[in-house]
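Notes follow once the structure below has been shown.
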Amino acid sequence: MKAAKENVEVQNDLETFEKTLQKVKAAQKEYSTFTQEQVDRIFAAAAAAANSERVPLAVMAKEETGMGVVEDKVIKNHYAAEYIYNAYKYEKTCGVISEDASYGSKKIAEPLGVIGAVIPTTNPTSTAIFKTLIALKTRNGIIISPHPRAKKSTVAAAKVVLDAAVRAGAPEGIIGWIEAPTLELTGALMREADVILATGGPGMVKAAYSSGKPALGVGAGNVPAIIDDSADIKVAVNSIIHSKTFDNGMICASEQSVTVISSIYNEVKKEFKARGCHFLTKTELDKMRKTILINGALNAKIVGQKAPDIARLAGFEVPEETKVLIGEVTSREMSEPFAHEKLSPVLAMYKAADLEEAFAGAEKLIADGGYGHTSSLFIDPIKKKDVVDAFGLRMKTGRILINSPSSHGGIGDLYNFRMTPSLTLGCGSWGGNSVSENVGIKQLLNIKTVAERRENMLWFRAPEKVYFKRGCLPVALDELKHVYGKKKAFVVTDSFLYQSGFSKRITDRLDDLGISHTVFFDVQPDPTLGSAKKGAELMRTFAPDVIIALGGGSAMDAGKIMWVLYEHPEVDFADLAMRFADIRKRVYTFPKMGEKAMFIAVSTSAGTGSEVTPFAVITDENTNIKYPITDYELMPDMAIVDADLHMTAPKGLTASSGIDAVTHALEAYASMLATDYTDGLAIRALQVIFKYLPRAYDDGQNDVEAREKMANAATLAGMAFANAFLGVCHSMAHKLGAFCHIPHGIANALMIDEVLRFNASEVPPKMGTFPQYAYPNTLRRYAEVAEELGIDGKDAKDKLEGLIAKIDALKERVGIKPRIRDYYPDKDAFEGMLDKMSLLAFDDQCTGANPRYPLIEEIKQMYRNAY
């Protein structure tokens, strides 16, 4: 019969709890629609009511629990009402809480729902006030689960807040509580609440985190304090006494031990005695050890009791005015009861030879009993700032207090600024908690971010000066002396240009200007990293203040890499070659260039555009990988485009470089980063190339106009892709060059037809990712190119095919064969390399700006189609 009666009572209790839950849920649903003005009015009224009842609630808590000090509980209640209100009275917690119209972003605050709040017996009224107030400020409902030994005072505090909130307009059921708390009802609350706010012993906190619901629980405190020999001893000792006696040491942030540097130990001990503390004798120490812990756990009978009463409980007497019982101990192992959290005016005191020993001791106490909570240091923060910094770095605690009573300092806003006022102190992952800071309103809000689509800021970058027109070389070089005051020039070129006397045109002028010089001419058609390192070593020996790269893309690419290695010999080439999705957000920060030497690029062929781009392509001869390196730090300071240097270019180079420029312009126009600035350059470059490349190919050594027009077109295309970047055609061409040793311009020519058709898909499996690129529209872009080149057609697809036919006709006109097999006939070898080539092409830096995001298998198929 008795068991049956108990089951009925439990059932009734669960039914009552369920009714409370539904009432709070309904009230919270209504409250979630309240405005900030309504919420703030309710919050203010509730805080004022709690503050006005701070004394009766303190008396009730003391009478019910038998722990603590009434007058100190008044302070805690006052703090929970006044400090919490002032901390949050201006905070926005409803609807839009912040907005940035220029970035198209806004933050919207929403409540979590119903909070299940577990209240400890140590702070039954102040914690209830704190939690109900922050719940009201954040439009959450809350159900209080009191400690069984503090249920009357806890419920009374909650009722004070509720009544005031309802009078101010809150829904009647917005705060609820469990009248007769049990473990089963607390468990039900944890299962049913939307979030748990648990303050209590380790078992309760663990249960909260094991409930399956989001939980904000706080771990145990075992606060170590250290007194350095530079500290103000009176301030240090009296701060600790103030903290340890506050509500008889029941705040979890109170000091549990103090470690004193040996040189001041006696002076500190003397101050403690003078201020009413009792140092335990050996006999008293042994008795106290047996009293602090019972069966390995904290003796609940000493929690929140006065020092004389604890002494009597242990079996000895101390004067009634005794404030703190201090045990001088040496062990910090958990086998030493004084090394534990004691939640009473009982303090362990250690001696340390120096700060290192003190720090190590504090770390030990924290690790074994108070990870993540609070640590304290008394020191001269001006003279020993480095020690303060070291303490902050070493202590694994969420609160690190300097020269403060830790009970008051840890809860925030009393002895410090910028620490959130709270009676729930998170200990982070160290203490098994979800937060490491003092819990406040931000943990009780869901913040929604509304982000409107915005296009990134774009750019247009070019060399500071670009000289062009036939015969401009000597005029431009004059500036080296008369404008820049340069004295030593390092010329980078290839052996052909050196032996043909091209570099002499530069060195003769340098001689006229009185600028000393040296020439490095060991640059190959596909420049290698080894060659660049060799050149950089010579640069370091010669120490130039200007570098002049003379040639096509190879010489300029090699010169740029030498420039980097000369100015920054410490750089790792793998870092330089690191890929990026957005050049402004790259992981690797490219080193600042130009500190030792300016860089001048002098073109001798019309194609690469390297004289006006931030690109450099270099091959690691050990891995056979060709790396396109990109950063605006690689942009030349000056570009010189003098058609006099282009006149003797052979037909093969003319054709290859000319088609390279065609692909530069086409890929820049189709790029996701294309802008009005780059579009005009790309279109004009194409118009000039289609008109003048055949003439430059046929009679380039005599046709000055054709050479000059091609030189300008290549530079225009270079400026276009310097800012819009390239695409997958160049990615695949780079690998054809590295694996099949096909000249770069020819490699681009072999892949461009496949890429145009690939990118033109109106329904691609994947489109590129960049905010400017709104939807697949590359077919239309290619049709625009066709129209600008005078190609007609019935629709965009027809115009695309017309564009491809025009490109093919130009390639044939300048002697470029149509298939990869025409240049690399070993099909089996090609197939054997295809997987690696495709993967590397996908990972090439140029792939990122392609309007259609290519899959590796798609790249492989394009290679096969082009073969």
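In the structure tokens, each chain is lettered A, B, ... as it comes, each chain's residues begin at 1, and ligands are numbered from 1 in order of appearance.
Using only C-alpha atoms, the protein and nucleic acid residues lying no more than 12 Å from A:Lys151, apart from those fewer than 6 places from it along its own chain, are Met60, Ala61, Glu63, Glu64, Thr65, Val118, Ile119, Pro120, Thr121, Thr122, Asn123, Pro124, Thr125, Ala128, Ile144, Ser145, Ala157, Ala158, Lys159, Trp177, Ile178, Glu179, Ala180, Pro181 and Thr182 of chain A.
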Where does stretch 190-294 of chain A meet stretch 324-347 of chain A within 6 Å, residue by residue, with the nearest atom pair and distance in Å to one decimal for each, counting only C-alpha atoms, listed by chain and rising number, as JSON lines?
```
{"residue": "A:Asn222", "atom": "CA", "partner": "A:Glu341", "partner_atom": "CA", "distance": 4.8}
{"residue": "A:Lys244", "atom": "CA", "partner": "A:Pro345", "partner_atom": "CA", "distance": 5.3}
{"residue": "A:Thr245", "atom": "CA", "partner": "A:Pro345", "partner_atom": "CA", "distance": 5.7}
{"residue": "A:Asn248", "atom": "CA", "partner": "A:Ser344", "partner_atom": "CA", "distance": 5.4}
{"residue": "A:Gly249", "atom": "CA", "partner": "A:Ser344", "partner_atom": "CA", "distance": 4.3}
{"residue": "A:Met250", "atom": "CA", "partner": "A:Leu343", "partner_atom": "CA", "distance": 4.6}
{"residue": "A:Gln256", "atom": "CA", "partner": "A:Leu347", "partner_atom": "CA", "distance": 5.4}
{"residue": "A:Ser257", "atom": "CA", "partner": "A:Leu347", "partner_atom": "CA", "distance": 5.4}
{"residue": "A:Cys277", "atom": "CA", "partner": "A:Val324", "partner_atom": "CA", "distance": 4.8}
{"residue": "A:His278", "atom": "CA", "partner": "A:Leu325", "partner_atom": "CA", "distance": 5.1}
{"residue": "A:Phe279", "atom": "CA", "partner": "A:Ile326", "partner_atom": "CA", "distance": 4.8}
{"residue": "A:Leu280", "atom": "CA", "partner": "A:Gly327", "partner_atom": "CA", "distance": 5.5}
{"residue": "A:Arg289", "atom": "CA", "partner": "A:Pro337", "partner_atom": "CA", "distance": 5.5}
```
Keeping N, CA, C and O atoms, export the residues of the selection given above as a PDB file, in the first residue's frame.
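Below is the file that was written, result_16.pdb:
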```pdb
ATOM      1  N   ASN A 222      38.357  25.506  -7.533  1.00  0.00           N
ATOM      2  CA  ASN A 222      39.376  25.188  -6.521  1.00  0.00           C
ATOM      3  C   ASN A 222      40.449  26.252  -6.669  1.00  0.00           C
ATOM      4  O   ASN A 222      41.577  25.980  -7.063  1.00  0.00           O
ATOM      5  N   LYS A 244      37.123  35.151   1.451  1.00  0.00           N
ATOM      6  CA  LYS A 244      36.854  33.877   2.132  1.00  0.00           C
ATOM      7  C   LYS A 244      35.732  33.981   3.153  1.00  0.00           C
ATOM      8  O   LYS A 244      35.052  32.984   3.452  1.00  0.00           O
ATOM      9  N   THR A 245      35.538  35.155   3.714  1.00  0.00           N
ATOM     10  CA  THR A 245      34.477  35.313   4.715  1.00  0.00           C
ATOM     11  C   THR A 245      33.160  35.757   4.091  1.00  0.00           C
ATOM     12  O   THR A 245      32.134  35.758   4.773  1.00  0.00           O
ATOM     13  N   ASN A 248      30.478  33.332   4.173  1.00  0.00           N
ATOM     14  CA  ASN A 248      31.204  32.181   4.714  1.00  0.00           C
ATOM     15  C   ASN A 248      31.799  31.288   3.623  1.00  0.00           C
ATOM     16  O   ASN A 248      31.791  30.060   3.714  1.00  0.00           O
ATOM     17  N   GLY A 249      32.321  31.941   2.579  1.00  0.00           N
ATOM     18  CA  GLY A 249      33.107  31.218   1.574  1.00  0.00           C
ATOM     19  C   GLY A 249      32.331  30.352   0.609  1.00  0.00           C
ATOM     20  O   GLY A 249      32.898  29.455  -0.027  1.00  0.00           O
ATOM     21  N   MET A 250      31.040  30.624   0.431  1.00  0.00           N
ATOM     22  CA  MET A 250      30.233  29.717  -0.392  1.00  0.00           C
ATOM     23  C   MET A 250      30.265  30.027  -1.890  1.00  0.00           C
ATOM     24  O   MET A 250      29.773  29.233  -2.689  1.00  0.00           O
ATOM     25  N   GLN A 256      40.694  28.925  -2.373  1.00  0.00           N
ATOM     26  CA  GLN A 256      40.765  27.694  -1.588  1.00  0.00           C
ATOM     27  C   GLN A 256      42.171  27.447  -1.058  1.00  0.00           C
ATOM     28  O   GLN A 256      42.362  26.630  -0.170  1.00  0.00           O
ATOM     29  N   SER A 257      43.131  28.135  -1.653  1.00  0.00           N
ATOM     30  CA  SER A 257      44.515  28.026  -1.170  1.00  0.00           C
ATOM     31  C   SER A 257      45.234  29.331  -1.475  1.00  0.00           C
ATOM     32  O   SER A 257      44.848  30.069  -2.373  1.00  0.00           O
ATOM     33  N   CYS A 277      42.741  35.772  11.674  1.00  0.00           N
ATOM     34  CA  CYS A 277      42.761  34.414  11.136  1.00  0.00           C
ATOM     35  C   CYS A 277      43.526  33.505  12.108  1.00  0.00           C
ATOM     36  O   CYS A 277      44.462  33.935  12.793  1.00  0.00           O
ATOM     37  N   HIS A 278      43.154  32.260  12.151  1.00  0.00           N
ATOM     38  CA  HIS A 278      43.758  31.289  13.064  1.00  0.00           C
ATOM     39  C   HIS A 278      44.547  30.262  12.264  1.00  0.00           C
ATOM     40  O   HIS A 278      44.009  29.605  11.363  1.00  0.00           O
ATOM     41  N   PHE A 279      45.833  30.114  12.606  1.00  0.00           N
ATOM     42  CA  PHE A 279      46.669  29.095  11.985  1.00  0.00           C
ATOM     43  C   PHE A 279      46.579  27.819  12.818  1.00  0.00           C
ATOM     44  O   PHE A 279      46.815  27.830  14.032  1.00  0.00           O
ATOM     45  N   LEU A 280      46.212  26.749  12.200  1.00  0.00           N
ATOM     46  CA  LEU A 280      45.975  25.494  12.884  1.00  0.00           C
ATOM     47  C   LEU A 280      47.274  24.875  13.385  1.00  0.00           C
ATOM     48  O   LEU A 280      48.293  24.868  12.680  1.00  0.00           O
ATOM     49  N   ARG A 289      41.538  17.894   8.810  1.00  0.00           N
ATOM     50  CA  ARG A 289      41.583  17.020   7.626  1.00  0.00           C
ATOM     51  C   ARG A 289      40.438  16.012   7.657  1.00  0.00           C
ATOM     52  O   ARG A 289      39.808  15.731   6.634  1.00  0.00           O
TER      53      ARG A 289
END
```
Go ahead and compute the interatomic distance for atom CA of A:Tyr103 and atom CA of A:Asn456, in Å to one decimal.
-> 9.9 Å
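Interatomic distance, atom CA of A:Lys206 against atom CA of A:Gly432: 8.4 Å.
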Point out the residue among A:Glu667, A:Glu611, A:Glu621, A:Asp572 with the least atom-to-atom distance to A:Val785, counting only C-alpha atoms.
->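 Smallest distance to A:Val785 is found for A:Glu667.
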Once DSSP has gone over the backbone, tell me which residues of stretch 87-174 of chain A are in alpha helix (DSSP H), as a ChimeraX atom specification.
-> /A:87-88,126-137,151-167
May I have the residues within 8 Å of A:Pro694 as a list in words, using only C-alpha atoms and disregarding those fewer than 4 positions away in the same chain?
->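 The residues that qualify are Phe690, Asp698, Leu810, Arg813 and Val814 of chain A.
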Hey, could you make a per-residue contact list for stretch 838-857 of chain A against stretch 742-758 of chain A with 12 Å as the cut-off, showing the nearest pair of atoms and its distance in Å to one decimal, counting only C-alpha atoms, sorted by chain and number, as a Markdown table?
```
| residue | atom | partner | partner_atom | distance |
| --- | --- | --- | --- | --- |
| A:Thr847 | CA | A:Val755 | CA | 11.6 |
| A:Asn850 | CA | A:Val755 | CA | 9.8 |
| A:Pro851 | CA | A:Phe758 | CA | 9.9 |
| A:Arg852 | CA | A:Phe758 | CA | 7.8 |
| A:Tyr853 | CA | A:Phe758 | CA | 10.1 |
| A:Pro854 | CA | A:Phe758 | CA | 8.9 |
| A:Leu855 | CA | A:Phe758 | CA | 11.3 |
```
In terms of only C-alpha atoms, the residue from A:Cys740, A:Val161, A:Ala655, A:Ala26 at minimal distance from A:Pro825 is A:Cys740
Mind checking which residues fall within 12 Å of A:Asp511, counting only C-alpha atoms, ignoring those fewer than 3 positions away in the same chain, and posting them as a VMD selection string?
-> chain A and resid 474 477 to 478 480 to 481 487 to 489 504 to 508 514 to 518
Write the residues you've just listed into a file as an mmCIF file, in the first residue's frame, and include N, CA and C atoms for each of them.
```cif
data_model
loop_
_atom_site.group_PDB
_atom_site.id
_atom_site.type_symbol
_atom_site.label_atom_id
_atom_site.label_comp_id
_atom_site.auth_asym_id
_atom_site.auth_seq_id
_atom_site.Cartn_x
_atom_site.Cartn_y
_atom_site.Cartn_z
ATOM 1 N N PRO A 474 65.109 53.343 -75.130
ATOM 2 C CA PRO A 474 66.111 54.221 -74.509
ATOM 3 C C PRO A 474 65.494 55.349 -73.699
ATOM 4 N N LEU A 477 64.499 53.849 -70.366
ATOM 5 C CA LEU A 477 65.657 53.528 -69.532
ATOM 6 C C LEU A 477 66.294 54.763 -68.924
ATOM 7 N N ASP A 478 66.155 55.920 -69.599
ATOM 8 C CA ASP A 478 66.699 57.155 -69.043
ATOM 9 C C ASP A 478 66.189 57.423 -67.632
ATOM 10 N N LEU A 480 65.790 55.464 -65.274
ATOM 11 C CA LEU A 480 66.491 54.738 -64.224
ATOM 12 C C LEU A 480 67.481 55.645 -63.498
ATOM 13 N N LYS A 481 68.136 56.503 -64.251
ATOM 14 C CA LYS A 481 69.102 57.413 -63.623
ATOM 15 C C LYS A 481 68.441 58.713 -63.185
ATOM 16 N N LYS A 487 71.719 52.603 -59.726
ATOM 17 C CA LYS A 487 73.168 52.519 -59.948
ATOM 18 C C LYS A 487 73.630 51.150 -60.436
ATOM 19 N N LYS A 488 72.842 50.077 -60.144
ATOM 20 C CA LYS A 488 73.283 48.732 -60.512
ATOM 21 C C LYS A 488 72.103 47.946 -61.089
ATOM 22 N N ALA A 489 72.279 47.474 -62.327
ATOM 23 C CA ALA A 489 71.189 46.774 -63.015
ATOM 24 C C ALA A 489 71.570 45.320 -63.257
ATOM 25 N N LYS A 504 72.347 43.768 -75.618
ATOM 26 C CA LYS A 504 73.316 44.852 -75.782
ATOM 27 C C LYS A 504 72.613 46.205 -75.953
ATOM 28 N N ARG A 505 71.393 46.149 -76.510
ATOM 29 C CA ARG A 505 70.648 47.408 -76.659
ATOM 30 C C ARG A 505 70.363 48.031 -75.280
ATOM 31 N N ILE A 506 70.207 47.162 -74.314
ATOM 32 C CA ILE A 506 69.967 47.658 -72.950
ATOM 33 C C ILE A 506 71.283 48.020 -72.275
ATOM 34 N N THR A 507 72.253 47.121 -72.356
ATOM 35 C CA THR A 507 73.501 47.381 -71.625
ATOM 36 C C THR A 507 74.264 48.587 -72.178
ATOM 37 N N ASP A 508 74.159 48.812 -73.506
ATOM 38 C CA ASP A 508 74.807 50.009 -74.060
ATOM 39 C C ASP A 508 74.199 51.273 -73.475
ATOM 40 N N GLY A 514 75.835 55.474 -67.078
ATOM 41 C CA GLY A 514 76.736 55.276 -65.951
ATOM 42 C C GLY A 514 76.204 54.306 -64.923
ATOM 43 N N ILE A 515 75.336 53.392 -65.368
ATOM 44 C CA ILE A 515 74.763 52.380 -64.471
ATOM 45 C C ILE A 515 75.508 51.071 -64.706
ATOM 46 N N SER A 516 76.150 50.550 -63.660
ATOM 47 C CA SER A 516 76.860 49.282 -63.814
ATOM 48 C C SER A 516 75.847 48.151 -63.983
ATOM 49 N N HIS A 517 76.283 47.038 -64.606
ATOM 50 C CA HIS A 517 75.316 46.001 -64.933
ATOM 51 C C HIS A 517 75.995 44.650 -65.062
ATOM 52 N N THR A 518 75.177 43.622 -65.000
ATOM 53 C CA THR A 518 75.593 42.264 -65.328
ATOM 54 C C THR A 518 74.416 41.581 -65.990
#
```
Separation of atom CA of A:Ile816 and atom CA of A:Ala643, in Å?
->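 Value for the atom CA of A:Ile816-atom CA of A:Ala643 distance: 23.6 Å.
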Of the candidates A:Ser376, A:Asn723, A:Ser105, A:Thr424, which shows the shortest atom-to-atom distance to A:Ala358, using only C-alpha atoms?
->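 Result for the nearest residue to A:Ala358: A:Ser376.
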For the contact check between stretch 534-603 of chain A and stretch 458-465 of chain A, emit one row per residue of stretch 534-603 of chain A within 10 Å, containing the shortest atom pair and the distance in Å rounded to one decimal, counting only C-alpha atoms, chain then rising number order, as JSON lines.
```
{"residue": "A:Phe599", "atom": "CA", "partner": "A:Pro463", "partner_atom": "CA", "distance": 9.9}
{"residue": "A:Ile600", "atom": "CA", "partner": "A:Pro463", "partner_atom": "CA", "distance": 9.3}
{"residue": "A:Ala601", "atom": "CA", "partner": "A:Pro463", "partner_atom": "CA", "distance": 9.7}
```
For each of A:Lys92, A:His730, A:Lys234, A:His147, take the minimum atom-to-atom distance to A:Ala117, counting only C-alpha atoms, then give the residue where this is smallest.
-> A:His147
Closest to A:Ile226 among A:Ala360, A:Ala198, A:Ala274, A:Met288, using only C-alpha atoms?
->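 Closest to A:Ile226, using only C-alpha atoms: A:Ala360.
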Spatial neighbours of stretch 15-22 of chain A, 12 Å, only C-alpha atoms, chain gap at least 6 places, as number ranges by chain | A: 8-9, 28-29, 113-116, 141-145, 172-182, 184-194
Requested write-out: N, CA, C and O atoms of the selected residues, as a compact mmCIF listing (two decimals), in the first residue's frame:
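Result written to selection_8.txt:
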```
# COMPACT_ATOMS: atom_id res chain seq x y z
N VAL A 8 1.45 7.06 -6.65
CA VAL A 8 0.41 8.04 -6.94
C VAL A 8 0.94 9.45 -6.75
O VAL A 8 0.70 10.35 -7.56
N GLU A 9 1.72 9.66 -5.65
CA GLU A 9 2.29 10.98 -5.38
C GLU A 9 3.24 11.40 -6.49
O GLU A 9 3.23 12.55 -6.95
N GLN A 28 5.67 31.64 -23.00
CA GLN A 28 6.87 32.01 -23.75
C GLN A 28 6.55 32.25 -25.22
O GLN A 28 7.13 33.15 -25.85
N LYS A 29 5.65 31.46 -25.77
CA LYS A 29 5.27 31.67 -27.18
C LYS A 29 4.68 33.07 -27.36
O LYS A 29 4.98 33.77 -28.34
N GLY A 113 13.62 29.50 -25.88
CA GLY A 113 12.39 28.79 -25.55
C GLY A 113 12.20 28.73 -24.06
O GLY A 113 12.13 29.76 -23.39
N VAL A 114 12.15 27.51 -23.53
CA VAL A 114 11.98 27.33 -22.09
C VAL A 114 13.30 26.88 -21.48
O VAL A 114 13.89 25.89 -21.91
N ILE A 115 13.75 27.63 -20.47
CA ILE A 115 15.00 27.32 -19.78
C ILE A 115 14.69 26.47 -18.54
O ILE A 115 13.81 26.82 -17.75
N GLY A 116 15.41 25.38 -18.40
CA GLY A 116 15.34 24.60 -17.17
C GLY A 116 16.48 25.05 -16.27
O GLY A 116 17.64 24.83 -16.60
N GLY A 141 11.05 31.66 -21.50
CA GLY A 141 10.36 31.19 -20.32
C GLY A 141 11.37 30.46 -19.45
O GLY A 141 12.43 30.04 -19.92
N ILE A 142 11.07 30.29 -18.15
CA ILE A 142 12.01 29.61 -17.27
C ILE A 142 11.26 28.83 -16.22
O ILE A 142 10.24 29.28 -15.69
N ILE A 143 11.75 27.60 -15.96
CA ILE A 143 11.22 26.78 -14.87
C ILE A 143 12.37 26.52 -13.91
O ILE A 143 13.42 26.02 -14.29
N ILE A 144 12.14 26.86 -12.64
CA ILE A 144 13.15 26.74 -11.60
C ILE A 144 13.05 25.38 -10.92
O ILE A 144 11.96 24.94 -10.53
N SER A 145 14.21 24.72 -10.79
CA SER A 145 14.29 23.50 -9.97
C SER A 145 15.15 23.82 -8.76
O SER A 145 16.39 23.85 -8.87
N GLU A 172 1.34 35.62 -17.69
CA GLU A 172 1.29 35.15 -16.30
C GLU A 172 2.16 33.92 -16.04
O GLU A 172 2.71 33.76 -14.96
N GLY A 173 2.30 33.06 -17.00
CA GLY A 173 3.04 31.83 -16.75
C GLY A 173 4.48 31.85 -17.20
O GLY A 173 5.09 30.79 -17.38
N ILE A 174 5.08 33.01 -17.37
CA ILE A 174 6.41 33.09 -17.98
C ILE A 174 7.51 32.51 -17.08
O ILE A 174 8.57 32.11 -17.55
N ILE A 175 7.27 32.47 -15.76
CA ILE A 175 8.20 31.85 -14.81
C ILE A 175 7.46 30.77 -14.04
O ILE A 175 6.36 31.02 -13.52
N GLY A 176 8.03 29.59 -14.00
CA GLY A 176 7.44 28.49 -13.24
C GLY A 176 8.48 27.86 -12.34
O GLY A 176 9.66 28.19 -12.41
N TRP A 177 8.04 26.94 -11.49
CA TRP A 177 8.98 26.28 -10.58
C TRP A 177 8.43 24.94 -10.14
O TRP A 177 7.24 24.65 -10.29
N ILE A 178 9.30 24.12 -9.62
CA ILE A 178 8.92 22.83 -9.04
C ILE A 178 8.78 23.04 -7.54
O ILE A 178 9.76 23.35 -6.85
N GLU A 179 7.56 22.88 -7.04
CA GLU A 179 7.31 23.15 -5.62
C GLU A 179 8.02 22.15 -4.71
O GLU A 179 8.57 22.51 -3.69
N ALA A 180 7.98 20.87 -5.10
CA ALA A 180 8.58 19.81 -4.27
C ALA A 180 9.65 19.10 -5.11
O ALA A 180 9.38 18.08 -5.74
N PRO A 181 10.84 19.65 -5.17
CA PRO A 181 11.86 19.11 -6.07
C PRO A 181 12.33 17.70 -5.69
O PRO A 181 12.51 17.40 -4.52
N THR A 182 12.49 16.89 -6.71
CA THR A 182 13.06 15.56 -6.57
C THR A 182 14.01 15.34 -7.74
O THR A 182 13.96 16.05 -8.74
N GLU A 184 13.82 12.96 -9.79
CA GLU A 184 13.02 12.56 -10.94
C GLU A 184 12.42 13.77 -11.65
O GLU A 184 12.44 13.86 -12.89
N LEU A 185 11.93 14.74 -10.88
CA LEU A 185 11.34 15.93 -11.49
C LEU A 185 12.42 16.81 -12.14
O LEU A 185 12.20 17.38 -13.21
N THR A 186 13.56 16.89 -11.49
CA THR A 186 14.67 17.64 -12.11
C THR A 186 15.09 16.98 -13.42
O THR A 186 15.37 17.66 -14.41
N GLY A 187 15.11 15.65 -13.43
CA GLY A 187 15.43 14.93 -14.66
C GLY A 187 14.41 15.19 -15.74
O GLY A 187 14.76 15.35 -16.93
N ALA A 188 13.12 15.23 -15.35
CA ALA A 188 12.05 15.51 -16.32
C ALA A 188 12.22 16.92 -16.90
O ALA A 188 12.04 17.14 -18.10
N LEU A 189 12.57 17.87 -16.02
CA LEU A 189 12.79 19.24 -16.48
C LEU A 189 13.94 19.28 -17.49
O LEU A 189 13.85 19.95 -18.54
N MET A 190 15.01 18.56 -17.20
CA MET A 190 16.15 18.55 -18.12
C MET A 190 15.78 17.95 -19.47
O MET A 190 16.27 18.39 -20.51
N ARG A 191 14.91 16.96 -19.45
CA ARG A 191 14.51 16.33 -20.72
C ARG A 191 13.58 17.21 -21.54
O ARG A 191 13.61 17.21 -22.76
N GLU A 192 12.75 17.99 -20.86
CA GLU A 192 11.69 18.73 -21.55
C GLU A 192 12.05 20.18 -21.89
O GLU A 192 11.48 20.77 -22.80
N ALA A 193 13.00 20.76 -21.17
CA ALA A 193 13.37 22.15 -21.42
C ALA A 193 14.10 22.26 -22.75
O ALA A 193 14.65 21.29 -23.28
N ASP A 194 14.12 23.48 -23.32
CA ASP A 194 14.86 23.70 -24.56
C ASP A 194 16.35 23.88 -24.30
O ASP A 194 17.18 23.58 -25.16
```
Distance query A:Lys384 at most 12 Å, only C-alpha atoms, self and fewer than 3 positions along chain excluded, as a ChimeraX atom specification | /A:228-231,355,377-381,387-391,402
Counting only C-alpha atoms, what is within 7 Å of stretch 603-610 of chain A, bar same-chain residues fewer than 5 positions away, as a count of residues only?
-> 21
Nearest-residue call for A:Asn416, choices A:Ala733, A:Asn403, A:Ala353, A:Glu787, using only C-alpha atoms =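 Distance minimum relative to A:Asn416 lands on A:Asn403.
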DSSP says strand (DSSP E) for which residues of stretch 317-395 of chain A? Put them as a list in words?
->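 Selection result, strand (DSSP E) within stretch 317-395 of chain A: Leu325, Ile326, Gly327, Glu328, Val346, Leu347, Ala348, Met349, Tyr350, Lys351, Ala352, Gly372, His373, Thr374, Ser375, Ser376, Leu377 and Phe378 of chain A.
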